[in-house]
Amino acid sequence: MPRFVLEYLEGGAGDEATLSRERAAFADWRFMPHQLVDVADRTLEAPILGKIAPIPAVVAPTGLNGLFRRRGDILLAQAAAKAGIPFTQSTMSNERMEDVAVVPGLRHWWQLYIFGPDEIWQELLRRAETCGVEALALTTNAQIFGNREWDARTRISRSMPSPATLFDAARHPRWAAMTLSRGMPVFRNVIDFVPKERRSFFDSAFWIREQMPQSLSWRDVAKIRQRWRGPFLLKGLLNLEDVRRALDSGVDGVILGSHGGRQADWAISALDLLPQAREIVGDRFAPMMSGGIRRGTDLLKALALGADAVLAGRAPLYGLCAAGAGGAACALELLREEALDEMGQLGAVSRADLTPELLVSAHQGFRPASK
Ligand SMILES: Cc1cc2nc3c(=O)[nH]c(=O)nc-3n(C[C@H](O)[C@H](O)[C@H](O)COP(=O)(O)O)c2cc1C
């Protein structure tokens, strides 16, 4: 893939300190395996928003999947359906939500960005309802676009890619054939809201960013809660006070996370917050997390520290880039297989066995997570 595409996939904001914390946080925890447990029969089945799934994982919303593969959103949705887990479609996706909704067997979630007048999100929710979208996730941490320096390097102006970017694309004909055969990706779900003269690829993204109100607040959460009848999640929280506040806001869950390290720099990771967040919410609703999930062991650590489910962004995207829907499905299957194998190593047979008691913090002199 061209460098600018890989940067878009892997990059973070600023010094990428938040991004690197997302992986480092997992390395802070070590397992204390149990032996002499009958682990012949293991399962990771668990409910996600009340419905059983083979693993408590969700494909995270990622915008611009069309830059990785033509029809990327549909291919990811197909992979998620095959794995029996939800696919979250981004407001900045490139396929119409109506076209994703018809993927057989799909649990279709919608990620909402707020921009422009209220009529825009109201219209998106109306369409989501008609499509049978199961759950709505409002992204709360991206009203101000993160300082992604690699992003600025790809262009010479707002609407013009740099000669180096064009050269880079030309040097990757296989990628170009697989992604650009319909032209540059279009933000199909929202492009009609963009003024006609600003609908080019780069410019439409800028226009949408400019319309994102920096005043987004709990008042908007209340308005959306009133309007959306299905499960409603807040995505992108990283502060315990906000988790407490979410409990009283009428939402059905929170997705802790830092947008894959692409927004606030030098932030903690969702995993750092998870044990205390779980303590606060108890069983009142589902704390989920996103950030840094690459292997089955990561999934197990997040579950043991209190997550009801994890959202994986880049992991299925790597699969998508490598081999389309089959590649994304393979990435999700690897997560499941690795997790089930490791559960056997740990003496755990089901979700119920994945508790803080299994973990010690290497960071805090190997103190058990349970105390
Ligand atoms: C390429 C890319 C695009 C993303 N686009 C969105 C988006 O449109 N909306 C959103 O809420 N989060 C977006 N995110 C954040 C993801 O939903 C998720 O929180 C993050 O990727 C989790 O970290 P991981 O990639 O390490 O799994 C994006 C992340 C990546 C890597």
# chains A, B, ... in the order shown; residues from 1 in each chain; ligands from 1
$ residues_around --residues "Glu10 of chain A" --least-positions-apart "2" --cutoff "12 Å" --atoms "only C-alpha atoms" --output "PyMOL selection string"
chain A and resi 3-8+12-13+16+19-20+62+148+150-151+259-262+291-292+313-315+317-318
$ select_by_dssp --residues "segment 16-181 of chain A" --states "strand (DSSP E or B)" --output "ChimeraX atom specification"
/A:29-31,46-48,51-53,57-59,87-89,108-112,135-139,155,161,181
$ select_by_dssp --residues "segment 22-258 of chain A" --states "helix (DSSP H, G or I)" --output "VMD selection string"
chain A and resid 22 to 27 65 to 67 72 to 83 97 to 101 118 to 131 149 to 153 163 to 170 173 to 179 191 to 193 196 to 198 201 to 210 218 to 227 240 to 247
$ residues_around --residues "Met32 of chain A" --least-positions-apart "6" --cutoff "12 Å" --atoms "only C-alpha atoms" --output "number ranges by chain"
A: 301, 304, 342-343, 345-348, 354-362, 366-370
$ closest_atom_pairs --of "segment 79-144 of chain A" --to "segment 203-217 of chain A" --cutoff "6 Å" --atoms "only C-alpha atoms" --output "CSV"
residue,atom,partner,partner_atom,distance
A:Phe115,CA,A:Met212,CA,4.1
A:Gly116,CA,A:Gln211,CA,4.9
A:Gln143,CA,A:Met212,CA,5.5
$ write_last_selection --atoms "all heavy atoms" --output "mmCIF file, in the first residue's frame"
data_model
loop_
_atom_site.group_PDB
_atom_site.id
_atom_site.type_symbol
_atom_site.label_atom_id
_atom_site.label_comp_id
_atom_site.auth_asym_id
_atom_site.auth_seq_id
_atom_site.Cartn_x
_atom_site.Cartn_y
_atom_site.Cartn_z
ATOM 1 N N PHE A 115 -22.242 16.790 13.357
ATOM 2 C CA PHE A 115 -21.756 17.971 12.630
ATOM 3 C C PHE A 115 -22.951 18.690 12.019
ATOM 4 O O PHE A 115 -23.988 18.084 11.766
ATOM 5 C CB PHE A 115 -20.721 17.589 11.555
ATOM 6 C CG PHE A 115 -21.281 16.852 10.371
ATOM 7 C CD1 PHE A 115 -21.640 17.525 9.214
ATOM 8 C CD2 PHE A 115 -21.448 15.476 10.415
ATOM 9 C CE1 PHE A 115 -22.161 16.850 8.120
ATOM 10 C CE2 PHE A 115 -21.975 14.787 9.328
ATOM 11 C CZ PHE A 115 -22.328 15.480 8.178
ATOM 12 N N GLY A 116 -22.792 19.991 11.826
ATOM 13 C CA GLY A 116 -23.863 20.777 11.204
ATOM 14 C C GLY A 116 -25.095 20.862 12.086
ATOM 15 O O GLY A 116 -25.057 20.558 13.286
ATOM 16 N N GLN A 143 -14.507 15.965 18.278
ATOM 17 C CA GLN A 143 -15.079 17.211 17.735
ATOM 18 C C GLN A 143 -13.974 18.154 17.261
ATOM 19 O O GLN A 143 -14.182 18.972 16.369
ATOM 20 C CB GLN A 143 -15.958 17.897 18.780
ATOM 21 C CG GLN A 143 -17.207 17.121 19.142
ATOM 22 C CD GLN A 143 -18.079 16.761 17.957
ATOM 23 O OE1 GLN A 143 -18.103 15.637 17.508
ATOM 24 N NE2 GLN A 143 -18.792 17.734 17.419
#
$ closest_residue --among "A:Gly344, A:Gly146, A:Gly72, A:Gly236" --to "ligand 1" --atoms "only C-alpha atoms and all ligand atoms"
A:Gly236
$ residues_around --residues "Ala53 of chain A" --least-positions-apart "6" --cutoff "8 Å" --atoms "only C-alpha atoms" --output "list of chain:residue names"
A:Glu45, A:Ala46, A:Pro47, A:Gly84, A:Ile85
$ write_last_selection --atoms "N, CA, C and O atoms" --output "tab-separated table (two decimals), in the first residue's frame"
chain	number	residue	atom	x	y	z
A	45	GLU	N	-18.08	-17.65	24.46
A	45	GLU	CA	-19.41	-17.08	24.20
A	45	GLU	C	-19.79	-16.13	25.32
A	45	GLU	O	-19.57	-16.44	26.49
A	46	ALA	N	-20.34	-15.01	24.94
A	46	ALA	CA	-20.76	-14.03	25.96
A	46	ALA	C	-21.75	-13.08	25.31
A	46	ALA	O	-21.75	-12.89	24.09
A	47	PRO	N	-22.61	-12.48	26.13
A	47	PRO	CA	-23.57	-11.54	25.55
A	47	PRO	C	-22.92	-10.20	25.22
A	47	PRO	O	-22.04	-9.72	25.96
A	84	GLY	N	-19.96	-13.66	13.66
A	84	GLY	CA	-21.11	-13.57	14.58
A	84	GLY	C	-21.03	-12.41	15.54
A	84	GLY	O	-21.63	-12.42	16.61
A	85	ILE	N	-20.26	-11.37	15.16
A	85	ILE	CA	-20.10	-10.21	16.06
A	85	ILE	C	-20.57	-8.94	15.34
A	85	ILE	O	-20.64	-8.90	14.12
$ atom_distance --atom1 "atom CA of His108 of chain A" --atom2 "atom CA of Val133 of chain A"
5.2 Å
$ residues_around --residues "Arg96 of chain A" --least-positions-apart "3" --cutoff "8 Å" --atoms "only C-alpha atoms" --output "VMD selection string"
chain A and resid 93 99 to 100 188 to 189
$ closest_residue --among "A:His34, A:Lys223, A:Arg158, A:Arg182" --to "Ile114 of chain A" --atoms "only C-alpha atoms"
A:Lys223
$ residues_around --residues "Leu124 of chain A" --least-positions-apart "3" --cutoff "9 Å" --atoms "only C-alpha atoms" --output "ChimeraX atom specification"
/A:91,112,119-121,127-129,189-190
$ write_last_selection --atoms "N, CA and C atoms" --output "PDB file, in the first residue's frame"
ATOM      1  N   THR A  91     -19.884   7.126  10.624  1.00  0.00           N
ATOM      2  CA  THR A  91     -20.513   8.214   9.865  1.00  0.00           C
ATOM      3  C   THR A  91     -19.652   8.580   8.654  1.00  0.00           C
ATOM      4  N   LEU A 112     -22.050   7.555  15.377  1.00  0.00           N
ATOM      5  CA  LEU A 112     -22.522   8.887  15.010  1.00  0.00           C
ATOM      6  C   LEU A 112     -21.496   9.962  15.339  1.00  0.00           C
ATOM      7  N   GLU A 119     -30.670  18.664  12.221  1.00  0.00           N
ATOM      8  CA  GLU A 119     -31.411  17.889  11.204  1.00  0.00           C
ATOM      9  C   GLU A 119     -30.533  16.782  10.608  1.00  0.00           C
ATOM     10  N   ILE A 120     -29.202  17.008  10.590  1.00  0.00           N
ATOM     11  CA  ILE A 120     -28.328  16.001   9.966  1.00  0.00           C
ATOM     12  C   ILE A 120     -28.314  14.718  10.794  1.00  0.00           C
ATOM     13  N   TRP A 121     -28.065  14.850  12.106  1.00  0.00           N
ATOM     14  CA  TRP A 121     -28.045  13.596  12.885  1.00  0.00           C
ATOM     15  C   TRP A 121     -29.444  12.991  12.985  1.00  0.00           C
ATOM     16  N   ARG A 127     -32.693   7.165   9.116  1.00  0.00           N
ATOM     17  CA  ARG A 127     -32.260   6.133   8.173  1.00  0.00           C
ATOM     18  C   ARG A 127     -31.788   4.878   8.924  1.00  0.00           C
ATOM     19  N   ALA A 128     -31.062   5.091  10.025  1.00  0.00           N
ATOM     20  CA  ALA A 128     -30.553   3.942  10.791  1.00  0.00           C
ATOM     21  C   ALA A 128     -31.713   3.092  11.309  1.00  0.00           C
ATOM     22  N   GLU A 129     -32.761   3.764  11.763  1.00  0.00           N
ATOM     23  CA  GLU A 129     -33.930   3.022  12.247  1.00  0.00           C
ATOM     24  C   GLU A 129     -34.546   2.202  11.135  1.00  0.00           C
ATOM     25  N   ASN A 189     -22.626   8.517   3.056  1.00  0.00           N
ATOM     26  CA  ASN A 189     -23.771   8.731   3.947  1.00  0.00           C
ATOM     27  C   ASN A 189     -24.029  10.191   4.264  1.00  0.00           C
ATOM     28  N   VAL A 190     -23.035  11.021   3.995  1.00  0.00           N
ATOM     29  CA  VAL A 190     -23.188  12.427   4.392  1.00  0.00           C
ATOM     30  C   VAL A 190     -22.879  13.408   3.252  1.00  0.00           C
TER      31      VAL A 190
END
